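Coordinates as given in entry-v1.cif (mmCIF, C-alpha atoms and all ligand atoms):
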```
data_final
#
loop_
_atom_site.label_atom_id
_atom_site.label_comp_id
_atom_site.auth_asym_id
_atom_site.auth_seq_id
_atom_site.Cartn_x
_atom_site.Cartn_y
_atom_site.Cartn_z
CA MET U 360 0.71 134.86 34.16
CA HIS U 361 4.25 134.96 32.74
CA LEU U 362 6.19 136.46 35.56
CA LEU U 363 9.69 135.54 34.58
CA PRO U 364 9.58 136.71 30.95
CA LEU U 365 8.02 139.97 32.06
CA THR U 366 10.84 140.52 34.49
CA LEU U 367 13.46 139.81 31.86
CA LEU U 368 11.84 142.18 29.38
CA PHE U 369 11.66 144.78 32.08
CA TYR U 370 15.33 144.22 32.76
CA SER U 371 16.26 144.79 29.12
CA SER U 372 14.21 147.99 29.04
CA TYR U 373 16.82 149.53 31.29
CA THR U 374 19.41 149.02 28.60
CA LEU U 375 17.16 150.47 25.91
CA LEU U 376 16.10 153.56 27.80
CA SER U 377 19.18 154.49 29.74
CA VAL U 378 21.03 157.57 28.76
CA GLN U 379 22.88 157.58 32.00
CA ALA U 380 24.50 161.00 32.00
CA GLY U 381 24.84 164.31 30.19
CA THR U 382 27.83 165.40 28.14
CA ALA U 383 29.28 168.45 29.96
CA LYS U 384 32.75 167.77 31.34
CA ILE U 385 34.37 168.82 34.62
CA GLY U 386 34.73 172.64 34.58
CA GLU U 387 32.11 173.16 31.87
CA SER U 388 28.82 174.90 32.63
CA CYS U 389 25.58 173.16 33.55
CA ASN U 390 22.12 174.04 34.82
CA GLN U 391 21.11 172.46 38.15
CA GLY U 392 17.49 172.99 37.14
CA GLU U 393 18.01 170.23 34.57
CA ASN U 394 18.80 167.66 37.31
CA ARG U 395 16.02 165.07 37.17
CA LEU U 396 14.93 161.49 37.32
CA GLN U 397 14.52 160.23 33.78
CA ALA U 398 11.06 159.38 32.51
CA GLY U 399 10.43 155.66 32.54
CA THR U 400 13.63 154.54 34.27
CA PHE U 401 13.64 157.02 37.17
CA GLN U 402 17.42 157.14 37.01
CA PHE U 403 19.08 160.36 38.11
CA TRP U 404 20.34 162.53 35.24
CA SER U 405 22.22 165.84 35.06
CA GLU U 406 23.82 167.76 32.21
CA CYS U 407 27.26 166.70 33.46
CA ASP U 408 28.94 163.51 32.31
CA SER U 409 29.08 160.43 34.52
CA GLN U 410 32.24 161.55 36.34
CA ALA U 411 30.78 164.91 37.46
CA TYR U 412 27.79 166.51 39.19
CA CYS U 413 26.26 169.91 38.50
CA GLY U 414 27.58 172.14 41.31
CA PRO U 415 25.79 175.12 42.87
CA GLY U 416 27.86 177.53 40.77
CA GLY U 417 26.46 176.07 37.54
CA THR U 418 29.68 174.23 36.77
CA CYS U 419 30.32 170.50 36.50
CA VAL U 420 32.41 169.36 39.48
CA LYS U 421 34.19 166.04 39.93
CA LYS U 422 32.00 163.61 41.87
CA GLY U 423 32.87 163.27 45.55
CA CYS U 424 31.40 159.81 46.19
CA ARG U 425 29.71 156.91 44.42
CA LYS U 426 26.55 155.02 45.27
CA ASP U 427 27.06 151.97 43.03
CA ASP U 428 29.58 149.17 43.36
CA PHE U 429 30.26 149.29 39.63
CA PRO U 430 29.69 152.86 38.44
CA PHE U 431 29.07 153.57 34.77
CA GLY U 432 31.27 155.88 32.72
CA TYR U 433 34.79 155.18 33.96
CA ALA U 434 37.62 153.71 31.90
CA PRO U 435 40.07 151.19 33.36
CA GLY U 436 42.63 153.13 35.40
CA ASP U 437 40.33 156.13 36.02
CA HIS U 438 40.11 157.22 39.64
CA ILE U 439 36.69 156.13 40.91
CA PRO U 440 35.29 158.03 43.91
CA ASP U 441 34.91 156.02 47.12
CA LYS U 442 31.65 154.72 48.51
CA CYS U 443 30.53 156.32 51.77
CA PRO U 444 31.40 154.84 55.18
CA ARG U 445 28.77 153.13 57.33
CA GLY U 446 26.39 155.71 58.84
CA GLN U 447 26.54 157.83 55.69
CA PHE U 448 25.22 157.66 52.12
CA CYS U 449 26.09 159.05 48.70
CA PRO U 450 23.06 160.88 47.23
CA ASP U 451 21.97 160.45 43.59
CA GLU U 452 23.97 163.57 42.65
CA GLU U 453 27.10 161.87 44.02
CA ASP U 454 28.51 165.17 45.26
CA LYS U 455 29.50 164.13 48.79
CA CYS U 456 28.74 161.71 51.60
CA GLN U 457 25.98 162.74 54.02
CA ASP U 458 24.85 161.40 57.38
CA LEU U 459 21.90 158.99 57.31
CA LEU U 460 18.54 160.77 57.58
CA PRO U 461 16.09 160.45 60.52
CA VAL U 462 12.47 159.26 60.07
CA ASN U 463 10.30 161.80 58.16
CA SER U 464 13.28 163.39 56.40
CA ASP U 465 13.18 163.81 52.62
CA CYS U 466 14.94 161.01 50.76
CA GLN U 467 15.38 160.02 47.11
CA LEU U 468 13.40 157.44 45.12
CA ASN U 469 14.44 153.84 45.86
CA ARG U 470 17.12 155.04 48.25
CA ASP U 471 16.16 153.20 51.44
CA ASP U 472 19.88 153.29 52.21
CA GLU U 473 19.64 157.06 52.86
CA CYS U 474 17.51 156.52 55.96
CA GLU U 475 18.59 155.90 59.54
CA ALA U 476 17.92 152.40 60.88
CA PRO U 477 15.27 151.68 63.52
CA PRO U 478 16.39 150.50 66.98
CA ASN U 479 15.02 147.02 66.14
CA PHE U 480 16.81 146.90 62.77
CA LYS U 481 17.84 143.29 63.36
CA GLU U 482 14.20 142.22 63.48
CA LEU U 483 12.98 144.41 60.59
CA ALA U 484 15.88 144.15 58.12
CA ASP U 485 15.20 142.34 54.84
CA THR U 486 18.07 139.94 54.32
CA THR U 487 16.47 138.01 51.43
CA GLY U 488 17.97 140.21 48.71
CA ARG U 489 14.49 141.26 47.57
CA GLY U 490 15.23 144.90 48.41
CA LEU U 491 12.16 145.32 50.58
CA ASN U 492 14.05 147.64 52.92
CA VAL U 493 17.62 148.54 53.90
CA ASN U 494 18.45 147.69 57.50
CA GLY U 495 14.76 148.07 58.38
CA SER U 496 14.28 151.50 56.74
CA VAL U 497 12.39 152.49 53.59
CA CYS U 498 12.13 155.65 51.52
CA LEU U 499 8.50 155.91 50.35
CA ASN U 500 6.92 158.93 48.65
CA SER U 501 10.20 160.77 49.33
CA LYS U 502 10.10 160.27 53.13
CA CYS U 503 12.18 158.06 55.39
CA MET U 504 10.23 155.56 57.47
CA TRP U 505 10.67 152.18 59.10
CA ALA U 506 9.27 148.93 57.72
CA ASN U 507 7.54 148.07 60.97
CA LYS U 508 3.78 148.05 60.23
CA THR U 509 2.14 144.86 61.42
CA LEU U 510 -0.75 142.74 60.13
CA GLY U 511 -3.97 144.74 59.63
CA VAL U 512 -2.31 148.05 60.48
CA SER U 513 -2.53 151.00 58.07
CA CYS U 514 0.58 151.36 55.94
CA THR U 515 2.19 153.55 53.30
CA VAL U 516 2.43 152.38 49.70
CA GLU U 517 4.39 153.89 46.82
CA ASN U 518 3.61 152.91 43.23
CA THR U 519 6.19 153.83 40.60
CA PRO U 520 5.23 153.46 36.90
CA TYR U 521 8.33 152.30 35.03
CA ILE U 522 8.27 152.05 31.24
CA ALA U 523 9.08 148.56 30.00
CA TYR U 524 9.19 147.04 26.52
CA GLY U 525 7.50 143.84 25.40
CA LYS U 526 6.50 142.20 22.13
CA GLY U 527 3.56 144.59 21.80
CA GLY U 528 5.75 147.63 22.42
CA GLU U 529 5.94 149.90 25.41
CA PHE U 530 3.98 149.14 28.56
CA ILE U 531 3.84 150.44 32.10
CA ASP U 532 5.25 148.24 34.84
CA ILE U 533 4.07 149.48 38.22
CA VAL U 534 6.44 148.70 41.06
CA SER U 535 4.76 148.79 44.44
CA ARG U 536 6.64 149.23 47.72
CA GLY U 537 5.46 149.62 51.28
CA ASP U 538 6.44 149.84 54.94
CA CYS U 539 4.97 146.59 56.23
CA HIS U 540 6.89 144.08 58.32
CA LEU U 541 8.60 141.20 56.47
CA GLY U 542 6.07 138.61 55.29
CA LEU U 543 3.41 141.28 54.75
CA TYR U 544 2.73 143.77 51.97
CA CYS U 545 0.83 147.05 51.86
CA ASP U 546 -2.45 146.46 50.02
CA ALA U 547 -3.20 149.55 47.94
CA ALA U 548 -6.98 148.98 47.99
CA THR U 549 -7.39 148.87 51.77
CA GLY U 550 -4.20 150.65 52.84
CA LEU U 551 -3.53 147.84 55.31
CA CYS U 552 -0.70 145.34 55.76
CA ILE U 553 -1.74 141.90 54.48
CA THR U 554 0.00 138.53 54.54
CA GLU U 555 1.92 137.58 51.40
CA LYS U 556 0.21 134.73 49.58
CA ASN U 557 1.88 131.62 48.28
CA LEU U 558 1.96 130.78 44.57
CA GLY U 559 -1.25 129.02 43.60
CA ASP U 560 -3.51 130.94 45.97
CA ALA U 561 -6.07 133.25 44.40
CA CYS U 562 -4.71 136.72 43.89
CA THR U 563 -5.54 140.01 42.25
CA ALA U 564 -2.07 141.34 41.49
CA ASP U 565 1.38 139.90 41.01
CA LYS U 566 2.61 141.48 44.21
CA GLU U 567 0.53 139.12 46.30
CA PHE U 568 2.73 136.23 45.24
CA VAL U 569 5.72 135.28 47.25
CA TRP U 570 8.48 136.09 44.82
CA THR U 571 11.60 134.10 44.22
CA ASP U 572 14.90 135.81 43.58
CA LEU U 573 14.81 135.14 39.86
CA GLU U 574 11.44 136.77 39.49
CA VAL U 575 12.51 139.98 41.05
CA TYR U 576 14.54 142.73 39.48
CA GLN U 577 16.53 144.68 42.07
CA GLY U 578 14.21 143.23 44.69
CA LEU U 579 11.27 145.34 43.59
CA ARG U 580 7.79 144.00 43.03
CA HIS U 581 5.92 144.32 39.79
CA VAL U 582 2.21 144.79 40.14
CA SER U 583 1.20 144.90 36.49
C1 LIG U 601 22.09 148.87 60.71
O1 LIG U 601 21.82 149.92 61.65
C2 LIG U 601 22.52 149.79 62.87
C3 LIG U 601 22.01 150.86 63.82
O2 LIG U 601 22.18 152.13 63.27
C4 LIG U 601 24.02 149.88 62.62
O3 LIG U 601 24.73 149.72 63.81
C5 LIG U 601 24.41 148.80 61.62
O4 LIG U 601 25.77 148.94 61.28
C6 LIG U 601 23.56 148.88 60.37
N1 LIG U 601 23.86 147.74 59.51
C7 LIG U 601 24.17 147.91 58.24
C8 LIG U 601 24.39 146.66 57.46
O5 LIG U 601 24.27 149.01 57.74
C1 LIG U 602 7.37 152.41 63.41
O1 LIG U 602 8.08 153.30 62.59
C2 LIG U 602 7.71 154.67 62.72
C3 LIG U 602 8.52 155.43 61.71
O2 LIG U 602 8.22 155.04 60.40
C4 LIG U 602 7.96 155.12 64.14
O3 LIG U 602 7.58 156.47 64.29
C5 LIG U 602 7.19 154.25 65.10
O4 LIG U 602 7.49 154.61 66.42
C6 LIG U 602 7.55 152.78 64.88
N1 LIG U 602 6.68 151.95 65.70
C7 LIG U 602 7.15 150.95 66.43
C8 LIG U 602 6.12 150.16 67.18
O5 LIG U 602 8.34 150.70 66.49
#
```

Once you've parsed the file, please lay out its structure as structure tokens.
Ligand SMILES: *[C@@H]1O[C@H](CO)[C@@H](O)[C@H](O)[C@H]1NC(C)=O
Ligand SMILES: *[C@@H]1O[C@H](CO)[C@@H](O)[C@H](O)[C@H]1NC(C)=O
Amino acid sequence: MHLLPLTLLFYSSYTLLSVQAGTAKIGESCNQGENRLQAGTFQFWSECDSQAYCGPGGTCVKKGCRKDDFPFGYAPGDHIPDKCPRGQFCPDEEDKCQDLLPVNSDCQLNRDDECEAPPNFKELADTTGRGLNVNGSVCLNSKCMWANKTLGVSCTVENTPYIAYGKGGEFIDIVSRGDCHLGLYCDAATGLCITEKNLGDACTADKEFVWTDLEVYQGLRHVS
């Protein structure tokens, strides 16, 4: 098992595949129906360039917020939209800040930060940098939930098939996420929360290892 090289290859696939934005400029026309997550990378894409979103009137409008610390597509000196204040989030479209969403609301892929925190957020929050949840909340299969399922309890799992590149060409890297308590993961076969294994123990998939920071890209787990 070559976990680290796989992760690095996966990392570089982002560079290869990413066409991060369309070409229409602020004020030019666009089709909201073309808004999508890109195949393979699942990054949000619209016909507008990286400084604009496709507004309801079919025109590219200057972005009203940003979700990333270091947004792509701005030159030095350009005005960069602000991040949203605590209690709000900037959606993938980056049109405007919205209030955090309650449990069961629709949320966007890998956007745990769109969901409202549980009352026991201090106990549930992942502070390891592995990206297992944000303040105790997860967005799985487009719904907000809390990462509070305990050992042996039925859980929700979301598998996302990213396209990665290796020596042999393209391959699918499945990233698996769940709503189990820290120290547990959601086993896809049984649908139950199971204890994370230590390196060296027998295992069926990479996600049963306890990952170290280096082996994890954006805190997500790679199952194959
Ligand atoms: C986590 O959620 C709590 C409760 O909503 C909130 O008070 C706190 O500021 C949040 N922490 C972070 C880091 O967002
Ligand atoms: C666990 O989280 C769910 C939301 O995902 C919530 O409805 C439920 O009440 C929580 N259970 C406990 C024991 O906190």

Given 7 Å and only C-alpha atoms and all ligand atoms, residues near ligand LIG 601 (chain U) as JSON, numbers by chain: {"U": [445, 475, 476, 477, 478, 480, 494]}

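Between Cys474 of chain U and the candidates U:Ile531, U:Ala383, U:Val497, U:Cys545, the tightest atom-to-atom separation, counting all atoms listed in the file, involves U:Val497.
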
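When all atoms listed in the file are used to compute distances to ligand LIG 602 (chain U), the closest of the residues U:Ser501, U:Asp532, U:Pro461, U:Asn469 turns out to be U:Pro461.
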
Using all atoms listed in the file, I'd like a table of the residues in chain U that come within 6 Å of ligand LIG 602 (chain U); for each, show the closest atom pair and its distance in Å rounded to one decimal, ordered by chain and ascending number, as a Markdown table.
```
| residue | atom | partner | partner_atom | distance |
| --- | --- | --- | --- | --- |
| U:Val462 | CA | U:LIG602 | C3 | 5.7 |
| U:Met504 | CA | U:LIG602 | O2 | 3.6 |
| U:Trp505 | CA | U:LIG602 | O2 | 4.0 |
| U:Asn507 | CA | U:LIG602 | C1 | 5.0 |
```

Write a file of the selected residues as a compact mmCIF listing (two decimals), keeping the file's coordinate frame, keeping C-alpha atoms.
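And here is the file that came out, again.txt:
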```txt
# COMPACT_ATOMS: atom_id res chain seq x y z
CA VAL U 462 12.47 159.26 60.07
CA MET U 504 10.23 155.56 57.47
CA TRP U 505 10.67 152.18 59.10
CA ASN U 507 7.54 148.07 60.97
```

Among the residues U:Pro440, U:Pro450, U:Gly511, U:Gly417, the one that comes closest to Tyr544 of chain U [using all atoms listed in the file]: U:Gly511

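The gap separating atom CA of Arg470 of chain U from atom CA of Cys503 of chain U is 9.2 Å, in Å to one decimal.
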
U:Glu452, U:Asp428, U:Ile439, U:Asn518 ranked by distance to Cys407 of chain U, top pick (using only C-alpha atoms): U:Glu452

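For the residues U:Cys539, U:Ala434, U:Leu468, U:Cys424, ranking by smallest atom-to-atom distance to Cys449 of chain U using all atoms listed in the file places U:Cys424 first.
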
Straight-line distance linking atom CA of Thr487 of chain U with atom CA of Ile553 of chain U, stated in Å to one decimal: 18.9 Å

All residues 8 Å or closer to Asp458 of chain U, only C-alpha atoms, same chain fewer than 3 positions away omitted, as a ChimeraX atom specification: /U:446-448

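Residue nearest Thr509 of chain U within the list U:Asp538, U:Glu482, U:Glu453, U:Asp471: U:Asp538 [criterion: smallest interatomic distance, all atoms listed in the file].
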
For atom CA of Lys426 of chain U and atom CA of Leu499 of chain U, the interatomic separation in Å (one decimal): 18.8 Å

Axis-aligned box for segment 435-451 of chain U, 4 Å per side, centre and edges in Å as lines of an AutoDock Vina configuration file:
```
center_x = 32.3
center_y = 156.0
center_z = 46.1
size_x = 28.7
size_y = 17.7
size_z = 33.5
```
